[in-house]
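J.: Contents of start33.cif (mmCIF, C-alpha atoms):
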```cif
data_final
#
loop_
_atom_site.label_atom_id
_atom_site.label_comp_id
_atom_site.auth_asym_id
_atom_site.auth_seq_id
_atom_site.Cartn_x
_atom_site.Cartn_y
_atom_site.Cartn_z
CA MET T 1 156.08 141.54 -53.70
CA LEU T 2 154.51 142.08 -50.30
CA ARG T 3 157.98 142.43 -48.86
CA ASN T 4 158.98 145.14 -51.30
CA SER T 5 155.83 147.17 -50.74
CA LEU T 6 156.28 146.91 -46.95
CA LEU T 7 159.84 148.14 -47.39
CA PHE T 8 158.61 150.99 -49.56
CA ILE T 9 156.03 152.01 -46.94
CA LEU T 10 158.67 151.87 -44.17
CA ILE T 11 161.10 154.05 -46.10
CA LEU T 12 158.31 156.44 -47.04
CA GLY T 13 157.21 156.76 -43.43
CA LEU T 14 160.74 157.46 -42.26
CA ALA T 15 161.15 159.96 -45.06
CA ALA T 16 158.00 161.75 -43.89
CA ILE T 17 159.33 161.92 -40.31
CA MET T 18 162.69 163.21 -41.50
CA PHE T 19 161.04 165.72 -43.79
CA SER T 20 159.06 167.20 -40.92
CA VAL T 21 162.24 167.35 -38.80
CA PHE T 22 163.99 169.03 -41.72
CA MET T 23 161.24 171.62 -42.18
CA ASP T 24 161.14 172.46 -38.48
CA TYR T 25 164.89 172.82 -38.22
CA THR T 26 166.03 176.30 -37.31
CA PRO T 27 169.74 176.94 -37.60
CA LYS T 28 171.58 177.90 -34.46
CA GLU T 29 172.37 181.55 -33.97
CA LYS T 30 174.97 181.14 -31.25
CA LEU T 31 176.92 178.43 -29.43
CA GLY T 32 175.31 176.26 -26.81
CA PRO T 33 176.45 176.56 -23.18
CA VAL T 34 179.00 173.72 -23.33
CA ALA T 35 180.53 174.94 -26.58
CA GLU T 36 180.58 178.46 -25.17
CA HIS T 37 182.66 177.25 -22.25
CA TYR T 38 185.05 175.50 -24.63
CA ALA T 39 185.36 178.62 -26.75
CA LYS T 40 185.84 180.99 -23.82
CA HIS T 41 188.17 178.99 -21.61
CA GLY T 42 189.65 176.43 -24.01
CA LYS T 43 192.61 178.65 -24.78
CA ASP T 44 193.59 179.09 -21.13
CA GLU T 45 192.59 175.68 -19.83
CA VAL T 46 194.03 173.46 -22.57
CA GLY T 47 196.20 175.75 -24.67
CA ALA T 48 195.53 173.95 -27.95
CA ALA T 49 194.91 176.17 -30.97
CA ASN T 50 192.67 173.50 -32.51
CA LEU T 51 189.64 173.49 -30.26
CA VAL T 52 188.39 170.21 -31.69
CA THR T 53 191.61 168.61 -30.46
CA ALA T 54 191.11 170.24 -27.08
CA VAL T 55 187.65 168.68 -26.85
CA VAL T 56 188.76 165.27 -28.14
CA VAL T 57 191.92 164.86 -26.09
CA THR T 58 191.28 166.76 -22.88
CA TYR T 59 187.65 167.67 -22.19
CA ARG T 60 186.43 164.32 -23.48
CA GLY T 61 189.66 162.40 -23.10
CA LEU T 62 187.87 159.46 -21.52
CA ASP T 63 185.75 159.10 -24.67
CA THR T 64 188.89 159.02 -26.77
CA LEU T 65 190.43 156.37 -24.54
CA GLY T 66 187.27 154.31 -25.06
CA GLU T 67 187.44 154.93 -28.79
CA VAL T 68 191.05 153.75 -28.93
CA SER T 69 190.11 150.63 -27.00
CA ILE T 70 187.21 149.94 -29.39
CA LEU T 71 189.62 150.16 -32.31
CA PHE T 72 192.03 147.86 -30.48
CA LEU T 73 189.18 145.45 -29.78
CA SER T 74 188.13 145.30 -33.40
CA ALA T 75 191.74 144.72 -34.50
CA ALA T 76 192.02 141.95 -31.91
CA ILE T 77 188.74 140.36 -33.05
CA ILE T 78 189.94 140.40 -36.64
CA GLY T 79 193.23 138.83 -35.66
CA PHE T 80 191.37 136.14 -33.77
CA PHE T 81 188.89 135.62 -36.59
CA LEU T 82 191.44 135.20 -39.32
CA LYS T 83 193.83 133.10 -37.23
CA VAL T 84 196.84 133.68 -39.42
CA ARG T 85 199.22 130.76 -39.14
CA HIS T 86 202.88 131.64 -39.13
CA ASN T 87 204.29 128.37 -40.29
CA GLY T 88 207.62 130.01 -40.97
CA ASN T 89 208.13 128.88 -44.54
CA GLU T 90 209.02 131.96 -46.47
CA GLU T 91 209.05 130.03 -49.75
CA ASP T 92 206.11 131.35 -51.68
CA PRO T 93 205.92 129.34 -54.91
CA LYS T 94 203.75 131.74 -56.85
CA ILE T 95 204.88 135.30 -56.38
CA LYS T 96 202.97 137.56 -58.67
CA ARG T 97 204.99 139.80 -60.94
CA TYR T 98 204.28 143.39 -60.10
CA SER T 99 204.71 146.26 -62.47
CA GLU T 100 208.11 147.94 -62.32
CA ILE T 101 206.57 151.41 -62.35
CA LEU T 102 204.23 150.57 -59.48
CA GLY T 103 207.03 149.10 -57.39
CA THR T 104 209.45 151.98 -57.91
CA GLY T 105 206.72 154.55 -57.38
CA ALA T 106 205.69 152.87 -54.15
CA LYS T 107 209.26 152.79 -52.87
CA LEU T 108 209.52 156.50 -53.55
CA LEU T 109 206.15 157.42 -52.09
CA VAL T 110 205.97 155.31 -48.93
CA PRO T 111 208.48 157.39 -46.87
CA ILE T 112 206.85 160.63 -48.00
CA ILE T 113 203.38 159.42 -47.02
CA VAL T 114 204.65 158.27 -43.62
CA LEU T 115 206.27 161.68 -43.16
CA LEU T 116 202.97 163.40 -43.97
CA GLY T 117 201.18 161.20 -41.46
CA VAL T 118 203.73 162.06 -38.76
CA TYR T 119 203.38 165.75 -39.59
CA VAL T 120 199.60 165.52 -39.31
CA PHE T 121 199.62 163.94 -35.87
CA ILE T 122 202.46 166.01 -34.43
CA ASN T 123 200.64 169.20 -35.42
CA GLY T 124 197.26 167.87 -34.32
CA HIS T 125 196.85 170.54 -31.65
CA LEU T 126 197.64 173.42 -34.02
CA THR T 127 196.22 172.60 -37.43
CA PRO T 128 193.37 170.43 -38.72
CA GLY T 129 194.22 166.78 -38.21
CA GLY T 130 195.34 164.69 -35.31
CA GLY T 131 196.22 161.24 -34.14
CA PHE T 132 193.46 159.32 -35.87
CA GLN T 133 193.89 161.06 -39.20
CA GLY T 134 197.69 160.81 -39.09
CA GLY T 135 197.46 157.15 -38.15
CA ALA T 136 195.15 156.48 -41.08
CA ILE T 137 197.61 158.21 -43.45
CA ILE T 138 200.47 156.07 -42.13
CA ALA T 139 198.38 152.94 -42.59
CA SER T 140 197.65 154.00 -46.18
CA ALA T 141 201.41 154.04 -46.84
CA PHE T 142 201.63 150.44 -45.67
CA VAL T 143 198.65 149.49 -47.82
CA LEU T 144 200.46 150.93 -50.82
CA MET T 145 203.52 148.88 -49.88
CA LEU T 146 201.45 145.70 -49.58
CA ILE T 147 199.81 146.25 -52.95
CA ALA T 148 202.84 147.35 -54.89
CA LEU T 149 205.78 145.33 -53.62
CA PRO T 150 206.01 141.57 -54.16
CA ARG T 151 206.83 140.52 -50.63
CA PRO T 152 207.10 143.41 -48.20
CA LYS T 153 208.70 142.54 -44.90
CA ILE T 154 206.37 143.75 -42.19
CA ASN T 155 207.36 142.55 -38.79
CA HIS T 156 204.36 141.51 -36.69
CA LYS T 157 206.30 141.73 -33.46
CA VAL T 158 207.34 145.33 -34.04
CA LEU T 159 203.77 146.25 -34.93
CA SER T 160 202.28 144.71 -31.82
CA ILE T 161 205.02 146.11 -29.54
CA VAL T 162 204.54 149.65 -30.86
CA GLU T 163 200.78 149.26 -30.56
CA SER T 164 200.73 147.97 -26.99
CA MET T 165 203.44 150.35 -25.76
CA SER T 166 201.60 153.40 -27.09
CA GLY T 167 198.30 152.22 -25.60
CA LEU T 168 199.98 151.58 -22.26
CA SER T 169 201.72 154.97 -22.25
CA TYR T 170 198.39 156.66 -23.00
CA VAL T 171 196.83 155.11 -19.90
CA ILE T 172 199.94 155.90 -17.81
CA ILE T 173 199.77 159.56 -18.85
CA GLY T 174 196.11 159.54 -17.84
CA LEU T 175 196.92 158.01 -14.46
CA LEU T 176 199.79 160.47 -13.87
CA GLY T 177 197.17 163.20 -13.86
CA VAL T 178 195.38 161.40 -11.03
CA LEU T 179 198.63 160.92 -9.08
CA LEU T 180 199.48 164.60 -9.37
CA GLY T 181 196.03 165.54 -8.13
CA LEU T 182 194.70 167.08 -11.34
CA GLY T 183 192.31 164.47 -12.68
CA PHE T 184 192.38 161.59 -15.13
CA LEU T 185 193.88 162.63 -18.49
CA ASP T 186 194.37 166.24 -17.41
CA ASN T 187 196.83 167.81 -19.81
CA GLN T 188 198.35 170.28 -17.35
CA ILE T 189 200.82 167.79 -15.84
CA LEU T 190 203.27 169.46 -18.23
CA SER T 191 203.42 173.23 -18.55
CA LEU T 192 201.12 174.66 -21.19
CA GLY T 193 203.91 176.50 -22.97
CA THR T 194 203.40 179.28 -25.48
CA PHE T 195 200.04 179.19 -27.21
CA GLY T 196 200.33 178.18 -30.84
CA THR T 197 203.76 176.54 -30.81
CA ILE T 198 204.57 172.85 -31.23
CA LEU T 199 205.54 172.36 -27.59
CA SER T 200 202.34 173.69 -26.12
CA ALA T 201 199.09 172.39 -24.68
CA GLY T 202 200.74 170.16 -22.07
CA THR T 203 200.33 166.48 -22.82
CA VAL T 204 198.05 166.92 -25.86
CA PRO T 205 200.82 166.50 -28.49
CA ILE T 206 202.26 163.50 -26.62
CA ILE T 207 198.86 161.82 -26.42
CA TYR T 208 198.21 162.51 -30.10
CA ILE T 209 201.59 161.06 -31.09
CA LEU T 210 200.75 157.91 -29.11
CA VAL T 211 197.27 157.73 -30.63
CA GLY T 212 198.72 158.22 -34.11
CA LEU T 213 201.23 155.39 -33.64
CA LYS T 214 198.56 153.13 -32.18
CA VAL T 215 196.00 153.77 -34.91
CA GLY T 216 198.62 153.45 -37.65
CA THR T 217 199.93 150.13 -36.39
CA GLU T 218 196.45 148.77 -35.70
CA LEU T 219 195.12 149.53 -39.17
CA THR T 220 198.33 148.15 -40.70
CA GLY T 221 197.87 145.01 -38.63
CA ILE T 222 194.32 144.54 -39.94
CA ILE T 223 195.47 144.93 -43.54
CA VAL T 224 198.47 142.64 -43.06
CA ASN T 225 196.20 139.97 -41.57
CA LEU T 226 193.83 140.21 -44.52
CA LYS T 227 196.70 140.06 -46.99
CA GLU T 228 198.24 137.00 -45.36
CA ILE T 229 195.03 135.04 -45.31
CA GLN T 230 194.78 135.79 -49.01
CA ASN T 231 198.25 134.34 -49.58
CA GLU T 232 197.31 131.16 -47.76
CA GLU T 233 194.81 130.11 -50.39
CA MET R 1 161.95 178.82 -44.34
CA GLN R 2 163.57 181.69 -46.16
CA ASN R 3 167.11 181.86 -47.53
CA ILE R 4 168.27 178.26 -47.49
CA GLY R 5 171.88 178.09 -46.34
CA ILE R 6 174.57 175.47 -46.36
CA GLU R 7 173.34 173.98 -43.08
CA GLN R 8 169.94 173.12 -44.54
CA ILE R 9 171.49 171.70 -47.69
CA SER R 10 173.86 169.46 -45.76
CA LEU R 11 171.11 168.41 -43.36
CA GLY R 12 168.95 167.40 -46.33
CA ILE R 13 171.81 165.49 -47.96
CA GLY R 14 172.44 163.75 -44.64
CA PHE R 15 168.82 162.63 -44.39
CA ILE R 16 168.83 161.40 -48.00
CA LEU R 17 172.02 159.39 -47.39
CA LEU R 18 170.49 157.97 -44.22
CA LEU R 19 167.39 156.76 -46.06
CA LEU R 20 169.45 155.44 -48.95
CA GLY R 21 171.63 153.46 -46.57
CA LEU R 22 168.66 152.07 -44.69
CA TRP R 23 166.99 151.03 -47.94
CA GLY R 24 170.18 149.30 -49.02
CA ILE R 25 170.59 147.47 -45.70
CA ILE R 26 167.06 146.08 -45.90
CA SER R 27 166.65 145.38 -49.59
CA GLN R 28 170.04 144.25 -50.89
CA LYS R 29 170.87 140.57 -51.21
CA ASN R 30 174.63 140.75 -51.65
CA ILE R 31 176.52 140.93 -48.35
CA LEU R 32 179.10 143.37 -49.72
CA LYS R 33 176.33 145.70 -50.86
CA ILE R 34 174.82 145.54 -47.38
CA ILE R 35 178.18 146.55 -45.90
CA ILE R 36 178.44 149.44 -48.35
CA SER R 37 174.93 150.48 -47.31
CA PHE R 38 176.07 150.49 -43.69
CA THR R 39 178.86 152.92 -44.53
CA ILE R 40 176.46 155.15 -46.49
CA PHE R 41 174.11 155.17 -43.48
CA GLU R 42 177.02 156.15 -41.23
CA THR R 43 178.13 158.92 -43.57
CA GLY R 44 174.59 160.31 -43.52
CA LEU R 45 174.58 160.37 -39.73
CA ASN R 46 177.96 162.11 -39.61
CA VAL R 47 176.86 164.75 -42.11
CA ILE R 48 173.75 165.43 -40.04
CA ILE R 49 175.72 165.83 -36.80
CA VAL R 50 178.21 168.23 -38.37
CA ALA R 51 175.38 170.19 -40.01
CA ILE R 52 173.69 170.67 -36.63
CA GLY R 53 176.88 172.18 -35.21
CA TYR R 54 177.21 174.69 -38.03
CA ILE R 55 176.49 178.34 -37.37
CA ARG R 56 176.13 180.71 -40.27
CA ASN R 57 179.02 183.06 -41.13
CA LYS R 58 181.36 181.53 -38.60
CA THR R 59 184.62 179.78 -39.11
CA ALA R 60 186.30 176.53 -38.07
CA PRO R 61 187.26 176.26 -34.36
CA ILE R 62 191.00 176.49 -34.99
CA LEU R 63 192.45 179.56 -33.34
CA ASP R 64 195.43 180.14 -35.59
CA SER R 65 195.15 183.90 -35.98
CA ASP R 66 195.18 186.70 -33.42
CA GLU R 67 191.83 187.91 -34.67
CA LEU R 68 190.19 184.63 -33.70
CA GLN R 69 191.72 184.54 -30.24
CA THR R 70 189.81 187.53 -28.93
CA ASN R 71 186.04 187.14 -28.61
CA THR R 72 186.27 183.56 -29.76
CA VAL R 73 182.67 182.81 -28.82
CA ASP R 74 181.27 185.00 -31.59
CA LYS R 75 183.53 183.72 -34.32
CA ILE R 76 183.59 179.92 -34.36
CA VAL R 77 181.19 177.06 -35.06
CA ASP R 78 180.42 174.45 -32.42
CA PRO R 79 183.52 172.24 -31.87
CA LEU R 80 181.62 169.58 -29.93
CA PRO R 81 179.74 167.85 -32.81
CA GLN R 82 182.95 167.76 -34.81
CA ALA R 83 184.77 166.00 -31.98
CA LEU R 84 181.91 163.52 -31.63
CA VAL R 85 181.91 162.84 -35.37
CA LEU R 86 185.63 162.11 -35.18
CA THR R 87 184.84 159.43 -32.60
CA SER R 88 181.98 158.13 -34.70
CA ILE R 89 184.11 157.85 -37.85
CA VAL R 90 186.76 155.82 -36.06
CA ILE R 91 184.20 153.47 -34.53
CA GLY R 92 182.53 153.16 -37.94
CA LEU R 93 185.86 152.10 -39.37
CA GLY R 94 186.20 149.37 -36.76
CA VAL R 95 182.67 148.13 -37.39
CA THR R 96 183.17 148.11 -41.16
CA SER R 97 186.41 146.16 -40.92
CA ILE R 98 184.77 143.54 -38.70
CA LEU R 99 181.83 143.26 -41.11
CA LEU R 100 184.20 142.77 -44.04
CA VAL R 101 186.20 140.09 -42.26
CA TYR R 102 182.96 138.34 -41.31
CA ALA R 103 181.84 138.44 -44.94
CA LEU R 104 185.21 136.97 -45.94
CA LYS R 105 184.74 134.13 -43.47
CA LEU R 106 181.20 133.46 -44.68
CA TYR R 107 182.38 133.40 -48.27
CA LYS R 108 185.10 130.92 -47.47
CA GLN R 109 182.57 128.60 -45.90
CA LYS R 110 179.90 128.57 -48.59
CA LYS R 111 181.49 130.29 -51.60
CA THR R 112 178.56 132.63 -52.00
CA LEU R 113 177.79 136.19 -50.94
CA ASP R 114 174.01 135.99 -51.39
CA ILE R 115 172.33 136.52 -48.04
CA ASN R 116 169.50 134.17 -49.02
CA ASP R 117 171.86 131.19 -49.06
CA TYR R 118 172.56 131.55 -45.37
CA LYS R 119 169.54 129.98 -43.76
CA ASP R 120 171.17 128.76 -40.55
CA THR R 121 169.72 131.45 -38.32
CA LYS R 122 166.57 132.06 -40.30
CA TRP R 123 163.27 131.31 -38.64
#
```
If you convert what's in this file into structure tokens, what do you get?
T.:
Amino acid sequence: MLRNSLLFILILGLAAIMFSVFMDYTPKEKLGPVAEHYAKHGKDEVGAANLVTAVVVTYRGLDTLGEVSILFLSAAIIGFFLKVRHNGNEEDPKIKRYSEILGTGAKLLVPIIVLLGVYVFINGHLTPGGGFQGGAIIASAFVLMLIALPRPKINHKVLSIVESMSGLSYVIIGLLGVLLGLGFLDNQILSLGTFGTILSAGTVPIIYILVGLKVGTELTGIIVNLKEIQNEE
Amino acid sequence: MQNIGIEQISLGIGFILLLLGLWGIISQKNILKIIISFTIFETGLNVIIVAIGYIRNKTAPILDSDELQTNTVDKIVDPLPQALVLTSIVIGLGVTSILLVYALKLYKQKKTLDINDYKDTKW
């Protein structure tokens, strides 16, 4: 029981440190200097009504590019790890019978969920949401399909083509900013448009559409890989 | 510390989740429970970061009304922690999926999820 008591002491010590941090915490009264800049000039510099999107896609666009590549890397590692064999035989001897209600409901719901995901990432610069959230919603539609339908046809090639093309276009849009003398991932290579409309904020909606497609296909790919290794057993 | 507001409450909840996750990571034996503890730990961190960016009586940094577009500085909470948490959630998702696939692989090899049965790298 030495181990348990050591663990208890460790947790207790950390709790004491956190408690003192918690007691000393004074809430902020106003924005910090960086956030103040974003709030003051974000509207004119980026033109996105959702300031979080402005920060994610433009001010810290490089971070987001890194984030997308981390997600890609983890999807690639999973694909490598699971090593799904496509031996081509579509004959699956033991197809499970799925409930009729579940199957019909899924067929009805999948297009609607995909539509919601597309709405969320197209309006990412105006309303709460964005590429990552929309992509996750799209992937959830495919998860529903995989669970509910006996043998959904999900084409690996289409998934990987959409994924790599959107990643490539993201980088090309970033490099276009450099070529036009504005800076990597600057969104002003297109005109900013009218504030608060769909076609505003320069390249922000385009980048978020690409990110949404990429995240959606990547997460779907992970789930499809997991599902197929389950079928192999 | 007078009049406790929502920022203190969420900061406290974040710290509790953090400790809970850490306890789970160290003490649990089942690999799946360790992975769940990792996600609880992450959630605690995210709650703390968002709580730090909160400013009392101010609204979300989404300028969808004319009223918000003038004098924005005095009306919104800090957008920066929220953007960073978005990044952190996505990376957390990637890490969790890799952990789960690794657990799947381990299970296939030894047909057990108890961490004590994996002595290969134990010194």
J.: So which one's closest to Ser99 (chain T), T:Val114, T:Ala148, T:Leu7, T:Ile70? Using only C-alpha atoms, please.
T.: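 Among the listed residues, the smallest separation from Ser99 (chain T) belongs to T:Ala148.
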J.: Which residues would end up in the selection if the PyMOL selection byres ((chain T) within 6 of (chain R)) were applied here, given that I need the answer as a list in words?
T.: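 With the shown file as input, the PyMOL selection byres ((chain T) within 6 of (chain R)) matches Lys28, Ala35, Ala39, Ala49, Asn50, Leu51, Val52, Val56, Leu71 and Ser74 of chain T.
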J.: What's the 10 Å shell around Asn123 (chain T), counting only C-alpha atoms, without same-chain residues fewer than 3 positions away, as a list of chain:residue names?
T.: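 So, after excluding close chain neighbours, the residues are T:Asn50, T:Val118, T:Tyr119, T:Val120, T:Leu126, T:Thr127, T:Pro128, T:Gly129, T:Gly130, T:Gly131, T:Gly134, T:Thr197, T:Ile198, T:Leu199, T:Pro205, T:Tyr208, T:Ile209.
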J.: Would you pick out the contacts of Val171 (chain T) at 12 Å or less, using only C-alpha atoms, so that residues sharing its chain but fewer than 3 positions from it are not included, and give the list as a list in words?
T.: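 Using only C-alpha atoms, the neighbours found are Gly61, Leu62, Thr64, Leu65, Gly66, Val68, Ser69, Ser164, Met165, Ser166, Gly167, Leu168, Gly174, Leu175, Leu176, Gly177, Val178, Phe184, Leu185, Asp186, Ile207, Leu210 and Val211 of chain T.
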J.: Residues within 6 Å of (203.1, 157.6, -36.9), file coordinates, counting only C-alpha atoms: what are they? Give the list as a short mmCIF file (atom, residue, chain, number, x, y, z; two decimals) with C-alpha atoms, in the frame of the given file.
T.:
```
data_model
loop_
_atom_site.label_atom_id
_atom_site.label_comp_id
_atom_site.auth_asym_id
_atom_site.auth_seq_id
_atom_site.Cartn_x
_atom_site.Cartn_y
_atom_site.Cartn_z
CA VAL T 118 203.73 162.06 -38.76
CA GLY T 135 197.46 157.15 -38.15
CA GLY T 212 198.72 158.22 -34.11
CA LEU T 213 201.23 155.39 -33.64
#
```
J.: Show which residues sit within 8 Å of Asn46 (chain R), as number ranges by chain. Count all atoms listed in the file, and ignore same-chain residues fewer than 2 positions away.
T.: R: 14, 42-44, 48-50, 85, 88-89
J.: I'd like the interatomic distance between CA of Leu159 (chain T) and CA of Gly221 (chain T), to a tenth of an Å.
T.: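 Distance between the two atoms: 7.1 Å.
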J.: Can you translate the PyMOL selection byres ((chain R and resi 30) around 12) into the concrete residues it hits in this file, as a PyMOL selection string?
T.: chain R and resi 24-29+31-37+103+107+112-118
J.: Please report the interatomic distance between CA of Thr220 (chain T) and CA of Ala201 (chain T) in Å with one decimal.
T.: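 So the two atoms, CA of Thr220 (chain T) and CA of Ala201 (chain T), lie 29.1 Å apart.
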J.: Report as AutoDock Vina command-line options the centre and the edge lengths, in Å to one decimal, of the axis-aligned box holding every listed atom of region 60-64 of chain R, padded by 3 Å on each side.
T.:
```
--center_x 190.9 --center_y 178.2 --center_z -35.7 --size_x 15.1 --size_y 9.9 --size_z 10.7
```
J.: Between CA of Phe19 (chain T) and CA of Leu6 (chain T), measure the distance and give it in Å to one decimal.
T.: 19.7 Å
J.: Counting only C-alpha atoms, which of T:Leu226, T:Gly105, T:Pro33, T:Pro27 gets nearest to Phe81 (chain T)?
T.: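 Checking each of T:Leu226, T:Gly105, T:Pro33, T:Pro27 against Phe81 (chain T), counting only C-alpha atoms, the winner is T:Leu226.
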J.: Give the answer as one residue: which of T:Ile222, T:Gly193, T:Ile173, T:Ser200 has the shortest atom-to-atom distance to Ala54 (chain T), using all atoms listed in the file?
T.: T:Ser200
J.: Return region 18-38 of chain R, completed with N, CA and C atoms, as a short mmCIF file (atom, residue, chain, number, x, y, z; two decimals), in the coordinates of the input.
T.:
```
data_model
loop_
_atom_site.label_atom_id
_atom_site.label_comp_id
_atom_site.auth_asym_id
_atom_site.auth_seq_id
_atom_site.Cartn_x
_atom_site.Cartn_y
_atom_site.Cartn_z
N LEU R 18 170.98 158.86 -45.27
CA LEU R 18 170.49 157.97 -44.22
C LEU R 18 169.44 157.02 -44.77
N LEU R 19 168.46 157.60 -45.51
CA LEU R 19 167.39 156.76 -46.06
C LEU R 19 167.93 155.79 -47.10
N LEU R 20 168.86 156.28 -47.92
CA LEU R 20 169.45 155.44 -48.95
C LEU R 20 170.16 154.24 -48.32
N GLY R 21 170.92 154.53 -47.26
CA GLY R 21 171.63 153.46 -46.57
C GLY R 21 170.68 152.45 -45.96
N LEU R 22 169.62 152.96 -45.33
CA LEU R 22 168.66 152.07 -44.69
C LEU R 22 167.97 151.19 -45.74
N TRP R 23 167.61 151.80 -46.87
CA TRP R 23 166.99 151.03 -47.94
C TRP R 23 167.94 149.94 -48.41
N GLY R 24 169.21 150.30 -48.57
CA GLY R 24 170.18 149.30 -49.02
C GLY R 24 170.35 148.17 -48.03
N ILE R 25 170.41 148.51 -46.71
CA ILE R 25 170.59 147.47 -45.70
C ILE R 25 169.44 146.48 -45.75
N ILE R 26 168.21 146.99 -45.95
CA ILE R 26 167.06 146.08 -45.90
C ILE R 26 166.88 145.33 -47.21
N SER R 27 167.10 145.99 -48.34
CA SER R 27 166.65 145.38 -49.59
C SER R 27 167.74 144.60 -50.32
N GLN R 28 169.01 144.90 -50.08
CA GLN R 28 170.04 144.25 -50.89
C GLN R 28 170.24 142.79 -50.49
N LYS R 29 170.65 141.98 -51.47
CA LYS R 29 170.87 140.57 -51.21
C LYS R 29 172.35 140.23 -51.04
N ASN R 30 173.19 141.02 -51.70
CA ASN R 30 174.63 140.75 -51.65
C ASN R 30 175.21 141.32 -50.35
N ILE R 31 176.00 140.50 -49.65
CA ILE R 31 176.52 140.93 -48.35
C ILE R 31 177.41 142.15 -48.49
N LEU R 32 178.23 142.21 -49.55
CA LEU R 32 179.10 143.37 -49.72
C LEU R 32 178.29 144.63 -49.92
N LYS R 33 177.17 144.50 -50.65
CA LYS R 33 176.33 145.70 -50.86
C LYS R 33 175.70 146.14 -49.55
N ILE R 34 175.37 145.17 -48.70
CA ILE R 34 174.82 145.54 -47.38
C ILE R 34 175.86 146.31 -46.58
N ILE R 35 177.12 145.85 -46.66
CA ILE R 35 178.18 146.55 -45.90
C ILE R 35 178.36 147.96 -46.44
N ILE R 36 178.32 148.10 -47.77
CA ILE R 36 178.44 149.44 -48.35
C ILE R 36 177.28 150.31 -47.88
N SER R 37 176.08 149.71 -47.79
CA SER R 37 174.93 150.48 -47.31
C SER R 37 175.13 150.95 -45.88
N PHE R 38 175.77 150.08 -45.07
CA PHE R 38 176.07 150.49 -43.69
C PHE R 38 176.95 151.74 -43.68
#
```
